[in-house]
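Quick notes on the structure that follows.
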Amino acid sequence: MRLGVPALIALALAGCAANPPVRELAMPRSYAHGIGGATFLVGGGFDPGRSPDGNSLILYGPEGAFVVDSGRHDEHVTAIMQGLSGIGMTPVAIINTHWHLDHVSGNPALKAAFPGIKVYATSAIDDALTGFLATSAESSRKALAEGTVPASAVADVEGDLTTIARGAELRPDVVVDEGGDMTIAGRPLSLRVAQRAVTERDLWIYDAAEKRAIVGDLVTMPVPFLDTACPEGWLQALDAVAASGAEQVVPGHGPILTMTEFGAWKSAFADFIACARGTGALETCSAGWLSGAKAFLMDDQRAKSMADYYGELIRSGKLDGYCRA
C-alpha cells in the first residue's frame, strides 16, 4: 500500500474524503514543534487519496542538528527545512529508521541543501533497490501506461518512481547494521537494530537522557504497515522497545505515546497477528484490531479496509519470505 501501486490503489484510496480522519492527521505538518529535550517533531500525514509521510524529527547537540527520517512529499521536506531554519541549526546527519519511501524520499533534497550531511542507516536498502522497489517501479510504470492509477494518486506514483530512479542517493554514508552507542552532533544516543521486523533490518533510537524511544515504523497508525514485514520479528522488536527503559515512544506514523499507550498498541498488534495466523474469519481479526487500537483511532472505515488487507496478506503466507534469514 505504501510502496507498490496495486496496494496503493486498494488501500490508500479505501477511505473517501467524507470519512473522519485518523488521529495522526491532526498532527502539525507545516512546522517543527518542540517535544522537549532539544527535539522537534514534524508530524507526518496520511491524507485521503495520497501516500503517507512518516514522522520526522530534528534533534540537536553541541555540534549541530540531525534529522530522523525525511518523509516523502515536497511539503514535508519543506517543513523540515523550515524547522532547521527556525532553530538556526545546520544538520550534519540524517538517520533513516528504514528504507520505505515515506521515510527516505527527502534525503536527496536535504543532501543537496546541506552538502556535508551524512546518512546513517542499515544496508537493507541495497536488497530493496534490486528487489521490492524494483518490482514496485515496474508495476507502477505499467499501471501508469495503462491508465489504471487514479488521478489523485498519479503525482505520488510518479514521485516514487523518481525517487527509486535515484536509489543510489538513498544509500547510507554510514552503515549501521549492528546496534551500539553512538554520538551524533555531539549528542549521545543508542542506535538499536531490529532484524527482520518491518523490513530486513530496522533502526530505532533510544535517547537515554530523555528516556525516549524513536521507533520508526515499529509503531504505526491507523494500522501496522506490514508490506515488507516479518510479523514475528516485529513482535520481538516491540519487546526490545518495551524493555529499553523508555517512558515515551515516538512512532513512525501517529502521535507520541506514553508507555501505557505503547503497551496497548503492542497488545493489539500481537492479537492481530495471532488472529491472522489462525484459521478463524479474517473479519474477526480486523474487528479485533479496531477494538484493541480504538484509543488511537477515530471511527475510520479506511482503518478497517487496511486491516482487512493486511490480515489477508498474513494469512496468505506472502510475508513468510521476509522471516527467512
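Residue numbers start at 1 in each chain; chains themselves are named A, B, ... in the order of the C-alpha cells; ligands are numbered from 1 in the order shown.
Residues with any atom within 8 Å of Ala185 (chain A), counting only C-alpha atoms and excluding same-chain neighbours fewer than 5 positions away, are Tyr60, Gly61, Pro62, Glu63, Gly64, Ala65, Phe66, Val92 and Ala93 of chain A.
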Hey, can you spit out that residue selection with N, CA and C atoms as a compact mmCIF listing (two decimals), in the first residue's frame?
```
# COMPACT_ATOMS: atom_id res chain seq x y z
N TYR A 60 19.18 18.14 18.17
CA TYR A 60 20.44 18.86 18.06
C TYR A 60 21.29 18.68 19.31
N GLY A 61 22.58 18.86 19.08
CA GLY A 61 23.57 18.76 20.14
C GLY A 61 24.59 19.86 19.99
N PRO A 62 25.71 19.76 20.69
CA PRO A 62 26.73 20.81 20.65
C PRO A 62 27.35 21.03 19.28
N GLU A 63 27.25 20.03 18.39
CA GLU A 63 27.95 20.13 17.10
C GLU A 63 26.99 20.26 15.92
N GLY A 64 25.74 20.59 16.17
CA GLY A 64 24.81 20.76 15.08
C GLY A 64 23.54 19.96 15.29
N ALA A 65 22.75 19.87 14.22
CA ALA A 65 21.46 19.17 14.26
C ALA A 65 21.52 17.93 13.39
N PHE A 66 20.55 17.05 13.58
CA PHE A 66 20.38 15.92 12.67
C PHE A 66 18.91 15.58 12.57
N VAL A 92 23.99 17.93 10.35
CA VAL A 92 25.20 17.20 9.98
C VAL A 92 24.89 15.75 9.60
N ALA A 93 23.66 15.30 9.87
CA ALA A 93 23.34 13.90 9.63
C ALA A 93 21.85 13.70 9.42
```
*Pick out the residues sitting within 12 Å of Ala243 (chain A), and hand them over as a list in words; count only C-alpha atoms, and ignore anything fewer than 6 positions along from it in its own chain.*
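Those residues are Tyr206, Lys211, Ala213, Gln236, Ala237, Met259, Phe262 and Gly263 of chain A.
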Using only N, CA and C atoms, please write the residues we just selected to a file, as a compact mmCIF listing (two decimals), in the first residue's frame.
```txt
# COMPACT_ATOMS: atom_id res chain seq x y z
N TYR A 206 17.29 4.89 20.98
CA TYR A 206 16.95 5.14 22.38
C TYR A 206 17.76 6.33 22.87
N LYS A 211 14.79 9.46 28.05
CA LYS A 211 14.02 8.22 28.21
C LYS A 211 12.97 8.10 27.10
N ALA A 213 12.11 6.56 23.15
CA ALA A 213 12.41 5.65 22.05
C ALA A 213 11.80 6.20 20.77
N GLN A 236 9.21 -9.32 18.33
CA GLN A 236 10.42 -9.34 19.13
C GLN A 236 11.00 -7.93 19.28
N ALA A 237 10.94 -7.16 18.20
CA ALA A 237 11.44 -5.79 18.28
C ALA A 237 10.62 -4.96 19.26
N MET A 259 4.18 4.99 27.67
CA MET A 259 4.44 3.54 27.68
C MET A 259 3.17 2.75 27.91
N PHE A 262 1.74 2.67 24.49
CA PHE A 262 2.54 1.76 23.69
C PHE A 262 2.19 0.31 24.02
N GLY A 263 2.02 0.00 25.29
CA GLY A 263 1.66 -1.35 25.69
C GLY A 263 0.33 -1.78 25.11
```
*asked:* So that I can see what lies close to Ala194 (chain A), please list as a PyMOL selection string the residues with an atom at most 8 Å from it, counting only C-alpha atoms and leaving out residues fewer than 3 positions away in the same chain.
replied: chain A and resi 197+201-204+233-234+237
*Using only C-alpha atoms, which residues sit within 10 Å of Ala209 (chain A) once same-chain residues fewer than 6 positions away are excluded, as a ChimeraX atom specification?*
/A:37,187-189,246
Output the selection as a PDB file, in the first residue's frame - N, CA and C atoms for each residue.
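This is the output file out16.pdb:
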```
ATOM      1  N   GLY A  37      13.708  18.233  25.302  1.00  0.00           N
ATOM      2  CA  GLY A  37      14.984  17.566  25.146  1.00  0.00           C
ATOM      3  C   GLY A  37      15.684  17.894  23.846  1.00  0.00           C
ATOM      4  N   ARG A 187      25.789  14.555  20.423  1.00  0.00           N
ATOM      5  CA  ARG A 187      24.685  14.072  21.262  1.00  0.00           C
ATOM      6  C   ARG A 187      24.748  12.553  21.369  1.00  0.00           C
ATOM      7  N   PRO A 188      24.871  11.998  22.575  1.00  0.00           N
ATOM      8  CA  PRO A 188      24.952  10.543  22.731  1.00  0.00           C
ATOM      9  C   PRO A 188      23.590   9.883  22.566  1.00  0.00           C
ATOM     10  N   LEU A 189      23.576   8.808  21.801  1.00  0.00           N
ATOM     11  CA  LEU A 189      22.368   8.043  21.552  1.00  0.00           C
ATOM     12  C   LEU A 189      22.717   6.572  21.513  1.00  0.00           C
ATOM     13  N   ALA A 246      12.467   3.169  28.148  1.00  0.00           N
ATOM     14  CA  ALA A 246      11.798   4.360  27.629  1.00  0.00           C
ATOM     15  C   ALA A 246      10.537   4.678  28.430  1.00  0.00           C
TER      16      ALA A 246
END
```
*Backbone-only DSSP, strand (DSSP E) members of region 15-144 of chain A, as a PyMOL selection string*: chain A and resi 33-34+39-42+56-61+64-68+91-95+118-121
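Between Phe225 (chain A) and the residues A:Ala287, A:Leu297, A:Met306, A:Val77, the shortest atom-to-atom distance, using only C-alpha atoms, involves A:Met306.
Shortest atom-to-atom contact with Lys304 (chain A) among A:Val198, A:Ile256, A:Met221, A:Ala134: A:Met221, counting only C-alpha atoms.
Using only C-alpha atoms, the shortest contact distance between Pro150 (chain A) and any of A:Gly49, A:Gly54, A:Gly44, A:Gly254 is found at A:Gly49.
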*Do you know which residues are at most 8 Å from region 95-109 of chain A counting only C-alpha atoms, after dropping those on the same chain fewer than 6 positions away, and could you put them as a PyMOL selection string?*
chain A and resi 2-3+51-56+66-74+77+119-122+124-125+128+160+163+169-170+199+201-204+215-217
Okay, now the selection with N, CA and C atoms, as a compact mmCIF listing (two decimals), in the first residue's frame?
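The resulting file, out22.txt, is reproduced below:
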```
# COMPACT_ATOMS: atom_id res chain seq x y z
N ARG A 2 1.97 1.22 0.72
CA ARG A 2 2.75 2.42 0.85
C ARG A 2 3.81 2.52 -0.23
N LEU A 3 4.09 1.42 -0.91
CA LEU A 3 5.21 1.42 -1.83
C LEU A 3 4.85 0.93 -3.21
N SER A 51 -0.37 8.92 -0.70
CA SER A 51 0.53 8.11 0.09
C SER A 51 0.97 8.90 1.32
N PRO A 52 1.39 8.21 2.37
CA PRO A 52 1.73 8.91 3.61
C PRO A 52 3.13 9.50 3.63
N ASP A 53 3.35 10.41 4.56
CA ASP A 53 4.68 10.82 5.01
C ASP A 53 4.85 10.26 6.42
N GLY A 54 6.03 9.74 6.70
CA GLY A 54 6.32 9.33 8.06
C GLY A 54 6.66 10.53 8.93
N ASN A 55 6.58 10.34 10.24
CA ASN A 55 7.04 11.38 11.15
C ASN A 55 8.53 11.63 10.94
N SER A 56 8.93 12.88 11.08
CA SER A 56 10.34 13.24 11.08
C SER A 56 10.66 13.96 12.38
N PHE A 66 20.55 17.05 13.58
CA PHE A 66 20.38 15.92 12.67
C PHE A 66 18.91 15.58 12.57
N VAL A 67 18.56 14.96 11.47
CA VAL A 67 17.17 14.67 11.12
C VAL A 67 16.97 13.16 11.19
N VAL A 68 15.87 12.74 11.79
CA VAL A 68 15.47 11.33 11.78
C VAL A 68 14.31 11.19 10.80
N ASP A 69 14.57 10.53 9.69
CA ASP A 69 13.61 10.28 8.61
C ASP A 69 13.21 11.58 7.91
N SER A 70 13.04 11.47 6.59
CA SER A 70 12.92 12.69 5.78
C SER A 70 11.63 12.78 4.97
N GLY A 71 10.68 11.87 5.20
CA GLY A 71 9.38 12.00 4.56
C GLY A 71 9.38 11.65 3.09
N ARG A 72 8.25 11.94 2.44
CA ARG A 72 8.06 11.62 1.02
C ARG A 72 7.78 12.87 0.18
N HIS A 73 6.83 13.67 0.59
CA HIS A 73 6.36 14.77 -0.25
C HIS A 73 7.18 16.04 -0.05
N ASP A 74 7.16 16.89 -1.09
CA ASP A 74 7.93 18.13 -1.05
C ASP A 74 7.54 19.01 0.14
N VAL A 77 9.26 17.85 3.29
CA VAL A 77 10.68 18.24 3.31
C VAL A 77 10.82 19.73 3.59
N VAL A 119 24.31 10.29 5.89
CA VAL A 119 23.15 9.45 6.16
C VAL A 119 23.58 8.21 6.93
N TYR A 120 22.92 7.97 8.05
CA TYR A 120 23.13 6.78 8.88
C TYR A 120 21.92 5.87 8.68
N ALA A 121 22.15 4.63 8.30
CA ALA A 121 21.04 3.69 8.09
C ALA A 121 21.61 2.29 7.97
N THR A 122 20.74 1.30 7.96
CA THR A 122 21.19 -0.06 7.71
C THR A 122 21.41 -0.24 6.20
N ALA A 124 19.94 -2.50 4.50
CA ALA A 124 18.80 -3.24 3.96
C ALA A 124 18.28 -2.64 2.67
N ILE A 125 18.55 -1.35 2.44
CA ILE A 125 18.06 -0.72 1.22
C ILE A 125 18.71 -1.33 -0.03
N ALA A 128 16.52 -3.99 -1.16
CA ALA A 128 15.24 -3.40 -1.53
C ALA A 128 15.29 -2.77 -2.92
N ASP A 160 7.36 8.64 -6.56
CA ASP A 160 8.06 7.46 -6.08
C ASP A 160 8.98 6.88 -7.14
N THR A 163 12.09 8.87 -7.17
CA THR A 163 12.92 8.55 -6.02
C THR A 163 13.65 7.23 -6.22
N GLU A 169 21.34 7.49 -4.32
CA GLU A 169 21.42 8.61 -3.39
C GLU A 169 20.74 8.32 -2.06
N LEU A 170 20.02 7.21 -1.98
CA LEU A 170 19.34 6.84 -0.75
C LEU A 170 20.20 5.96 0.14
N THR A 199 11.20 -4.28 8.12
CA THR A 199 11.99 -4.63 6.93
C THR A 199 13.06 -5.62 7.37
N ARG A 201 16.11 -5.13 8.12
CA ARG A 201 16.77 -4.54 9.30
C ARG A 201 16.19 -3.15 9.51
N ASP A 202 15.75 -2.90 10.72
CA ASP A 202 15.19 -1.60 11.10
C ASP A 202 16.05 -0.98 12.19
N LEU A 203 16.21 0.32 12.08
CA LEU A 203 17.00 1.06 13.06
C LEU A 203 16.05 1.86 13.95
N TRP A 204 16.22 1.72 15.25
CA TRP A 204 15.48 2.58 16.16
C TRP A 204 16.43 3.17 17.18
N VAL A 215 11.05 5.03 17.20
CA VAL A 215 10.99 3.65 16.74
C VAL A 215 10.63 3.47 15.27
N GLY A 216 10.49 4.56 14.51
CA GLY A 216 10.11 4.39 13.11
C GLY A 216 8.83 3.59 13.00
N ASP A 217 8.76 2.72 12.00
CA ASP A 217 7.50 2.02 11.74
C ASP A 217 7.29 0.78 12.60
```
Give me, as a tab-separated table, the closest atom pair and its distance (Å, one decimal) for every residue of region 205-261 of chain A within a cut-off of 12 Å of region 265-275 of chain A, counting only C-alpha atoms, rows sorted by chain and rising number.
```
residue	atom	partner	partner_atom	distance
A:Leu218	CA	A:Lys266	CA	9.6
A:Val219	CA	A:Trp265	CA	7.9
A:Thr220	CA	A:Trp265	CA	9.2
A:Met221	CA	A:Trp265	CA	9.4
A:Pro222	CA	A:Trp265	CA	10.6
A:Val223	CA	A:Phe269	CA	8.6
A:Pro224	CA	A:Phe269	CA	7.4
A:Phe225	CA	A:Phe269	CA	10.9
A:Leu226	CA	A:Ile273	CA	10.4
A:Ala229	CA	A:Ile273	CA	11.6
A:Cys230	CA	A:Ile273	CA	10.4
A:Pro231	CA	A:Ile273	CA	6.8
A:Glu232	CA	A:Ile273	CA	8.3
A:Gly233	CA	A:Ala270	CA	11.4
A:Trp234	CA	A:Ala270	CA	9.5
A:Leu235	CA	A:Ala270	CA	6.9
A:Gln236	CA	A:Ala270	CA	10.3
A:Ala237	CA	A:Lys266	CA	10.4
A:Leu238	CA	A:Lys266	CA	6.9
A:Asp239	CA	A:Lys266	CA	8.6
A:Ala240	CA	A:Lys266	CA	11.5
A:Val241	CA	A:Lys266	CA	10.2
A:Ala242	CA	A:Lys266	CA	9.1
A:Val249	CA	A:Trp265	CA	11.1
A:Pro251	CA	A:Trp265	CA	10.9
A:Gly254	CA	A:Trp265	CA	11.6
A:Ile256	CA	A:Trp265	CA	11.9
A:Leu257	CA	A:Trp265	CA	9.3
A:Thr258	CA	A:Trp265	CA	10.6
A:Met259	CA	A:Trp265	CA	9.6
A:Thr260	CA	A:Trp265	CA	8.8
A:Glu261	CA	A:Trp265	CA	6.3
```
*Pick from A:Gly167, A:Gly180, A:Gly252, A:Pro115: nearest to Gly45 (chain A), with only C-alpha atoms counted?*
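Selected residue with least distance to Gly45 (chain A): A:Gly252.
Take CA of Thr183 (chain A) and CA of Glu210 (chain A): the distance between them is 15.0 Å.
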*Restricting the calculation to only C-alpha atoms, which member of A:Glu158, A:Glu200, A:Asp320, A:Asp47 is positioned closest to Arg302 (chain A)?*
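Selected residue with least distance to Arg302 (chain A): A:Asp47.
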*Restricting the calculation to only C-alpha atoms, which member of A:Gln248, A:Lys318, A:Arg50, A:Thr90 is positioned closest to Val149 (chain A)?*
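Among the listed residues, A:Arg50 lies closest to Val149 (chain A).
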*Could you give me the residues within region 33-107 of chain A that DSSP places in helix (DSSP H, G or I), as a ChimeraX atom specification?*
/A:74-87,101-104,107
